[in-house]
Structure formats: structure tokens, C-alpha cells
There are 2 protein chains.
Amino acid sequence: MKKGRVTIHDIAKHLKLDSSTISRALNDSPRVKEKTKERIKQVAKELGYKPNVMAANLRTQTSKTIGVIVPWISRYFFSSAISGIEEVAYSKGYNVIICQSHDEYDREVANAYTLFANRVEGILTSVAMDTVKYEHFEQFIEEGIPMVFFDRHAPEVKACSVVIDDFNTAYKVTAHLIKQGNDRIAHFSGPGNLNIYKDRFNGYKKALEDYGKVFDPALVFESRLLIEDGIEGIKHLLSLPNRPDALFSSNDLAAIAAMKYISQHTEFSVPEDISVAGFSNSPSASIIEPGLTTVDQSGEEMGKIAAKRLIDEIKGEIDKCTNEIITVNSKIIVRESSVKKVAKLVK
Amino acid sequence: MKKGRVTIHDIAKHLKLDSSTISRALNDSPRVKEKTKERIKQVAKELGYKPNVMAANLRTQTSKTIGVIVPWISRYFFSSAISGIEEVAYSKGYNVIICQSHDEYDREVANAYTLFANRVEGILTSVAMDTVKYEHFEQFIEEGIPMVFFDRHAPEVKACSVVIDDFNTAYKVTAHLIKQGNDRIAHFSGPGNLNIYKDRFNGYKKALEDYGKVFDPALVFESRLLIEDGIEGIKHLLSLPNRPDALFSSNDLAAIAAMKYISQHTEFSVPEDISVAGFSNSPSASIIEPGLTTVDQSGEEMGKIAAKRLIDEIKGEIDKCTNEIITVNSKIIVRESSVKKVAKLVK
DNA sequence: TTTAAAAATACAATCGATTGTATATAAATT
DNA sequence: AATTTATATACAATCGATTGTATTTTTAAA
């Protein structure tokens, strides 16, 4: 920072007033005469005064900053969530500090430390795939700093979560695949320590049971759901003696990777030989041919809701919640990747 | 912020030492005995001391924070640039505050104000489409706060820019389209106040001239390059009495929208009837069928380079540059959307 | 005009660290 | 033991704002 930046003291000296009066004037306190206020604001403008929020924050014991930790900023779901968060935060006068964990536990811990040192007033997080311990989050709870999880939540931590109904949504997607006449539905699952993947898996399994299909563990492929995982997963599944006729992937990335692999390296076609459904409605889902059936999970909306909730908690307008789960609507978007020819439909 | 948070004074009281000693011990100053340091660090840990960087920053007149303003966080190019920025910044101990301008001038001004008030030590920006005045940036330059533009730069401002060679890259893309046998190449251009679009347009025009093709202004469609612009643009171009046989779009978004429109609402096919090329290599470019020929412009790399540069300027290791332009390599990625059947190729 | 009440402004402490200077303690030198 | 020198720690100001209390000025009431 450059020295010589103008402060309220400079304005005070200039007008032979006290800095406290300047401060009050600039904050429109009724304790300063209207006329004086005008003079002060005038001089402030002339001198090019810009408030130093750090100083104010130190004094008022606030930071007007919320911290966000996401696995990857450049994943569409997260960047749109951040967009929503930023939107709400700025409209309420909060800054946003963003960190990415790269889905690694160690980085998440370091991020949490940084945010704490910066005295963020609240934290929004979608936890890393690697995370199985949660002490780095506990410190916020202990200090009374509100936390809100979104999407990937950690029920062990006493904070509320904004999620979609993963279980039921997965159930519906699976049911849809079954209704299209599929019998052997495979599933790409994510790391089991993350609830959303567990829930999606359970919804998938329940649907199979309810519709009288056999659940075959061999058809479940667990991975980190990256592109290479999608490729490896579909390769594996297609090499099975009794290959699946449908695939429900826990994210779009892996689903699309699988579809690309199928069309480029096999003779099968989607959806005729293998129906595919993903999760998240990433932009690519509508671009790939055939269009990918998926679940619309608005990152922007979830981000907004989570940020609103967090700020309410910060302001004390809502009690800090303990394990409450806020469910955001999600809906299945059916595209061509899962719609078999009418003839094959189950009546 | 909660009261009762432990400070160096609490540690001092606890050990009957002065807070200055605590401060020095925690910063590993040689002025404190090794043994005392150990005791202090021990007690700090026991009491759960966490430094308050705001207080430290106020005293040291730094903020260890850099500000970023991008049009849209959720655009892949920008989110990956942010990812690169964040990467470099954190490794050098800087926090990143992110704002989005939504491509609106007013928001960009408000963002700049916020960042200034937060005493960021430097600014990274890709300017909004609407921006034609630059005073809100000048304030940083005047105060000696380094700025670095990336991608969308403002040459009027005395700061350096990290860009790709838009002119030459556009030239090469156009040349590629010409070599594929196209005669009438249309162009989707962005707002003329943004240099990158001007440069791309000029590169396109120059290539036409060099290869002896007529430049027809009717084939240039200027817009904000959103999805709806892509649709409107291609509709317009195809309705022309003498329709184009190729399209070079200044971004992928509009190019893909056009391709989708062509395949869904016309009888033309890409690339046979109309070759298409985009710009930026967004993830969707590799997913759409046929694959979109485009320019790989690594957001992550540009972000990293810009952040590195900015931090060097902050540290005074490099002079604040005035209008220097750092060109990052970019390369054309040729996919099927621009490759006509061999028979049509120009020899 | 005097006095009480209200309004406007000044004083001074504070937030939590950092840092130059001063002092106390320990070690080294004669 | 006395004195110098080095080491360790304490004191106090500071960063730029905010805010409770005190004081001054103005206005209204008696």
C-alpha cells in the first residue's frame, strides 16, 4: 500500500475538525450537522478520500467477507454456484474470498486456515472428495462462525446444508431408465465418503428393487468421476460377460466421457444399445449428440440460497442451524441419450 | 466476529511477557530467545491462538490481497483463468477477491470501488463489453497499485496486458478456412471497443485480402456473442442472397449456437455446406458433433502468467509496466467442423 | 438575562498486530 | 569486583477507523 493515502485525519486537519466527526459525517450519523456533513463530504471528495475498510473492520470486529471453498472453480457447477454466491454477497455488502481444494484434503485444511486468519464471517463449502476428517471445519463452529455446505455436505459437522434430494432424484432417473425398457443398469458412483454419491447410489439401488430388477454390484463402478474414470468405467462395463444396457452416472463429466468412448471406440450406439443418464446438467450435456439425459441442479440457485442462508446466520437473523438440510428442487431433463425407440418401451 | 478470540495480548498475559515479544516470537524474530519462543508457541497453540491478518495488515500497510474482475465467473475461459490466478496467488501468500462485472460498465465501476476500499495490492481484469471509459482503472494507476489486464485489455490504461496474438491467430484460422476451399467466409465479431475483437476482425480481413478473397461487410455480424446472438447471426447470414460457405466466430459460444441451429433448423450441414471455426477451445468444442475447430487459449496459463506478473510488480521486482503486451502462445485446434472433403480442397 | 435542555463537536480509548527505542538482565572482559 | 558488551525483553507509538463520554456551543424556556 502506498503511504500518503488520505485518511479521515487528513480531512479533519483540513477542516479543523476532529476525526470522529469526519467518521460520523461520512457514515451519515445524526450527530453531525447537515451543513458540516456537506462540507466534509465535499472535502473528502476533493482530497480523493477512499475509506480503508480494513481499519474499520478491525475496529468493528467484522470483516464483511465470506469465504468459499470449492473443489474446482472451473467446474461449471461450482463456477455457477460461485456466481450465485457472489451475486447475493455483494448485494448485501459482503466480499467473497474463494479457494479451491482441488479435491484434496490437505489443501482444504490450508484453505480453511487462510479463511480463518482473514476473519471471514462465514464459510460456504462443498467438500473435497478426499476429505474424511472434519476438524478444520469444527474450528469455525466452535468459534461461532456460521458455515453452510452446499451440494457436497458433511453431516458430521453441525452446520446446515443446501442440497438437492439426491436419493429421490437418483431414484427417478433410474426409474426412468427402467421404464425405457432397460434391465441391467450400471452405475458410476463417486467416493463413498461423500453423501451425495452415497445417496445417489442408494436411490439407484432402491429403484432397482422397487421395479423388480436385480441389483448387481458388478455393475457399480466407483471412482472420482473424472474423464479418465468415465472411459475406464465404460470399458470395464462393456467387457463384462453380461454387459449393461444402461448407465446412470453420478456426474455428467464421466457420462459424457463414456458416451464419447462408446461412439468412437465401440460399435454400440446410445441410446439403442446403451442408454445413458448423467447428473448436473452441465452445458455439454445439451451439446453432445445424442443429448444427455441428466438432472438439472442449478448451481447458481444453490449458491444463492446457501449464501442467503449464511448471511442470515451471520446477522443472527436465523439461528445457526445444526444439521438442517435445505433441499432445492431439481428436475430430470430427458434428452435423447436415454429414450429408446417406442417399440422397446415397457407398458 | 466473536469477542473473546485469543490475541497476542492474551498469550502475553498468560506468560507475563509483553505482546511485542509474543509478536516477535511468532514471527521467528532473532530478538527472542529460542527457549522463550518455544514456550510462546506452545501456549499459543494451547490457547488456540489464530493470527488476525487484518490487524497485521493495517499495521504493515499491506493487505496480501489481489482483486480480480471478470465479466462472468461461470464462463469456462474465465473460471479457468481464475483457477490459474488463485493457484499462483496462494502459493505466494496472497488472497484473491473475485468480482464479476456481468459485462456491464456500472458493475465494473462498483467492483473497482470495492476492491480499492479493500486495499487490494493489485488488480487483474478482463474488461466488460460495455466499458468505454477507464477512469475507474486510472485510480489504481494513480495510487501506484499495479494492474494487469488479461485477454480483454484496455490499451488506454497504462498497465500491461497478457493476451494471445489475436490478429495472427485469427489470420491463421481464416487462412485455414480459405485453404479448405471456402470463398465467402462470414465472421461473428464482438463489440468494437474491445481490442481482442477488433484484432480478430482485422486478422480475418487481412487473411481474406492476402488470399485474394473479397471482403464483404455484409458477412460480418457484430454482437455480444451470446447464444442468442449466434442463432440470430446464422439465421441472418443464411438468409442472405449469396450465403457464406464458412463462418469464423470470435467465440465458441456463438459458434456452437450457430452449429446447433444449422443442424436443427436447416438442411445445411457442417462442414460440407458451411465450415465453422470458433475461438477459445471451450470444453463443449470437443463435444459437439462435428468437433469444433477453434483456438486453444489456455485460461489457466494466461491467469498464471498475469498473476505472476502482477505479484512481481507488487513486490517491486519488476517496474510497473506501461502498456507492455505479453503474448501467450495459442494454437489452432482443427476438428471436423472445418475440414471439407478432400475433393474440395484447394491445391 | 439567566438557566435548562438540546445539539454539535472534541477527547480519548479501542480493535490486534508491528516495530523503533529504551531498559533490564546475562555474559564476557579486564 | 567493576565495567563493557551482548542478549533478552519491556515500553510506547502506530496503522485508520469507530464509538462512548465529555465538553462546548446553540437554542429554547423561564
# chains A, B, ... in the order shown; residues from 1 in each chain; ligands from 1
$ interface_residues --of "chain C" --to "chain B" --cutoff "9 Å" --atoms "only C-alpha atoms (C1' of nucleotides)" --output "number ranges by chain"
C: 15-19
$ interface_residues --of "chain D" --to "chain B" --cutoff "8 Å" --atoms "only C-alpha atoms (C1' of nucleotides)" --output "list in words"
DA8, DT9, DA10, DT14, DC15 and DG16 of chain D
$ interface_residues --of "chain B" --to "chain A" --cutoff "9 Å" --atoms "only C-alpha atoms" --output "mmCIF file with C-alpha atoms, in the first residue's frame"
data_model
loop_
_atom_site.group_PDB
_atom_site.id
_atom_site.type_symbol
_atom_site.label_atom_id
_atom_site.label_comp_id
_atom_site.auth_asym_id
_atom_site.auth_seq_id
_atom_site.Cartn_x
_atom_site.Cartn_y
_atom_site.Cartn_z
ATOM 1 C CA MET B 1 -16.560 -11.674 14.656
ATOM 2 C CA LYS B 2 -16.908 -13.176 18.079
ATOM 3 C CA LYS B 3 -15.353 -11.433 21.038
ATOM 4 C CA ARG B 5 -10.984 -14.605 20.464
ATOM 5 C CA LYS B 50 -5.120 -17.643 15.397
ATOM 6 C CA PRO B 51 -3.474 -14.543 13.965
ATOM 7 C CA ASN B 52 -5.692 -11.697 12.856
ATOM 8 C CA VAL B 53 -4.285 -10.757 9.497
ATOM 9 C CA MET B 54 -6.464 -7.681 9.274
ATOM 10 C CA ALA B 55 -4.755 -6.155 12.253
ATOM 11 C CA ASN B 57 -2.212 -5.718 7.505
ATOM 12 C CA LEU B 58 -3.404 -2.445 8.919
ATOM 13 C CA THR B 60 2.068 -3.093 7.925
ATOM 14 C CA GLN B 61 0.088 -1.245 5.298
ATOM 15 C CA THR B 62 -0.440 -4.278 3.176
ATOM 16 C CA SER B 63 -3.402 -6.487 2.513
ATOM 17 C CA TRP B 72 -18.592 -13.888 -15.842
ATOM 18 C CA ILE B 73 -17.131 -16.319 -13.392
ATOM 19 C CA SER B 74 -19.019 -19.179 -14.940
ATOM 20 C CA ARG B 75 -17.574 -18.826 -18.417
ATOM 21 C CA TYR B 76 -15.060 -21.560 -18.792
ATOM 22 C CA PHE B 77 -12.299 -19.318 -20.016
ATOM 23 C CA PHE B 78 -12.650 -17.029 -17.032
ATOM 24 C CA SER B 79 -13.131 -19.690 -14.427
ATOM 25 C CA SER B 80 -10.027 -21.439 -15.625
ATOM 26 C CA ALA B 81 -8.140 -18.136 -15.642
ATOM 27 C CA ILE B 82 -9.268 -17.578 -12.075
ATOM 28 C CA SER B 83 -8.130 -21.039 -11.238
ATOM 29 C CA GLU B 86 -5.716 -18.441 -7.475
ATOM 30 C CA GLU B 87 -3.038 -21.068 -7.827
ATOM 31 C CA TYR B 90 -1.973 -18.632 -2.877
ATOM 32 C CA ASN B 95 -5.703 -13.940 -1.191
ATOM 33 C CA VAL B 96 -7.931 -13.356 -4.125
ATOM 34 C CA ILE B 97 -11.137 -11.347 -4.077
ATOM 35 C CA ILE B 98 -13.241 -12.024 -7.118
ATOM 36 C CA CYS B 99 -15.885 -9.821 -8.673
ATOM 37 C CA GLN B 100 -17.934 -10.177 -11.800
ATOM 38 C CA TYR B 113 -14.505 0.761 -5.870
ATOM 39 C CA THR B 114 -14.958 -2.247 -3.606
ATOM 40 C CA PHE B 116 -9.963 -0.230 -3.746
ATOM 41 C CA ALA B 117 -11.705 0.092 -0.406
ATOM 42 C CA ASN B 118 -10.345 -3.289 0.475
ATOM 43 C CA ARG B 119 -6.880 -2.046 -0.283
ATOM 44 C CA VAL B 120 -6.025 -4.750 -2.723
ATOM 45 C CA GLU B 121 -2.383 -4.612 -3.642
ATOM 46 C CA GLU B 143 -2.142 5.401 -6.492
ATOM 47 C CA GLY B 144 0.628 3.159 -7.699
ATOM 48 C CA ILE B 145 -1.427 -0.006 -7.423
ATOM 49 C CA ILE B 256 -21.758 -23.668 -31.200
ATOM 50 C CA LYS B 260 -26.799 -26.291 -33.311
ATOM 51 C CA PRO B 283 -14.995 -27.814 -23.292
ATOM 52 C CA SER B 284 -18.063 -28.009 -25.496
ATOM 53 C CA ALA B 285 -15.973 -27.547 -28.621
ATOM 54 C CA ILE B 287 -18.068 -32.478 -27.506
ATOM 55 C CA ILE B 288 -20.234 -31.119 -30.241
ATOM 56 C CA GLU B 289 -20.507 -33.151 -33.441
#
$ residues_around --residues "A:Tyr261" --least-positions-apart "6" --cutoff "12 Å" --atoms "only C-alpha atoms (C1' of nucleotides)" --output "VMD selection string"
(chain A and resid 227 to 236 238 254 to 255 267 to 270) or (chain B and resid 287)
$ write_last_selection --atoms "C-alpha atoms" --output "mmCIF file, in the first residue's frame"
data_model
loop_
_atom_site.group_PDB
_atom_site.id
_atom_site.type_symbol
_atom_site.label_atom_id
_atom_site.label_comp_id
_atom_site.auth_asym_id
_atom_site.auth_seq_id
_atom_site.Cartn_x
_atom_site.Cartn_y
_atom_site.Cartn_z
ATOM 1 C CA ILE A 227 -12.975 -38.089 -17.724
ATOM 2 C CA GLU A 228 -10.488 -40.920 -17.493
ATOM 3 C CA ASP A 229 -12.686 -42.629 -14.929
ATOM 4 C CA GLY A 230 -15.616 -42.466 -17.301
ATOM 5 C CA ILE A 231 -13.563 -44.081 -20.033
ATOM 6 C CA GLU A 232 -12.157 -46.737 -17.782
ATOM 7 C CA GLY A 233 -15.577 -47.389 -16.322
ATOM 8 C CA ILE A 234 -17.357 -47.904 -19.601
ATOM 9 C CA LYS A 235 -14.524 -50.055 -20.935
ATOM 10 C CA HIS A 236 -14.818 -52.233 -17.899
ATOM 11 C CA LEU A 238 -18.684 -53.291 -21.712
ATOM 12 C CA ALA A 254 -17.971 -39.203 -16.656
ATOM 13 C CA ALA A 255 -21.205 -39.845 -18.542
ATOM 14 C CA GLU A 267 -19.941 -50.473 -32.280
ATOM 15 C CA PHE A 268 -22.614 -49.823 -29.748
ATOM 16 C CA SER A 269 -24.851 -46.848 -30.014
ATOM 17 C CA VAL A 270 -26.549 -44.621 -27.491
ATOM 18 C CA ILE B 287 -18.068 -32.478 -27.506
#
$ select_by_dssp --residues "stretch 10-147 of chain B" --states "alpha helix (DSSP H)" --output "ChimeraX atom specification"
/B:10-15,19-26,34-47,53-60,76-91,105-117,135-142
$ atom_distance --atom1 "atom CA of A:Leu237" --atom2 "atom CA of A:Val276"
12.9 Å
$ select_by_dssp --residues "stretch 137-282 of chain B" --states "strand (DSSP E)" --output "MDAnalysis selection string"
chainID B and resid 147:150 160:164 185:189 220:222 246:249 275:277
$ write_last_selection --atoms "C-alpha atoms" --output "short mmCIF file (atom, residue, chain, number, x, y, z; two decimals), in the first residue's frame"
data_model
loop_
_atom_site.label_atom_id
_atom_site.label_comp_id
_atom_site.auth_asym_id
_atom_site.auth_seq_id
_atom_site.Cartn_x
_atom_site.Cartn_y
_atom_site.Cartn_z
CA MET B 147 -2.85 -3.59 -12.69
CA VAL B 148 -2.57 -6.32 -15.26
CA PHE B 149 -5.17 -6.96 -17.90
CA PHE B 150 -5.68 -10.35 -19.39
CA CYS B 160 0.44 -4.32 -19.08
CA SER B 161 -1.71 -6.93 -20.69
CA VAL B 162 -1.49 -10.66 -21.09
CA VAL B 163 -3.09 -11.66 -24.34
CA ILE B 164 -2.73 -14.04 -27.18
CA ILE B 185 -16.26 -16.56 -45.12
CA ALA B 186 -18.53 -14.88 -42.60
CA HIS B 187 -17.36 -13.51 -39.30
CA PHE B 188 -19.02 -13.16 -35.90
CA SER B 189 -17.36 -10.20 -34.28
CA VAL B 220 -19.65 -9.58 -40.68
CA PHE B 221 -22.12 -9.88 -37.84
CA GLU B 222 -21.26 -7.89 -34.72
CA ALA B 246 -17.87 -20.70 -43.86
CA LEU B 247 -18.12 -18.97 -40.53
CA PHE B 248 -15.37 -17.78 -38.26
CA SER B 249 -16.82 -16.84 -34.89
CA SER B 275 -17.45 -24.75 -42.35
CA VAL B 276 -17.32 -23.36 -38.85
CA ALA B 277 -14.49 -22.24 -36.61
#
$ residues_around --residues "C:DA27" --least-positions-apart "5" --cutoff "9 Å" --atoms "only C-alpha atoms (C1' of nucleotides)" --output "PyMOL selection string"
chain D and resi 5-7
$ residues_around --residues "stretch 172-178 of chain A" --least-positions-apart "4" --cutoff "10 Å" --atoms "only C-alpha atoms (C1' of nucleotides)" --output "number ranges by chain"
A: 166-168, 182-187, 200, 203-208, 210-213, 245-248, 275-279, 293-295, 331-334, 338-340, 345-346
$ atom_distance --atom1 "atom C1' of D:DT24" --atom2 "atom C1' of C:DC11"
11.9 Å
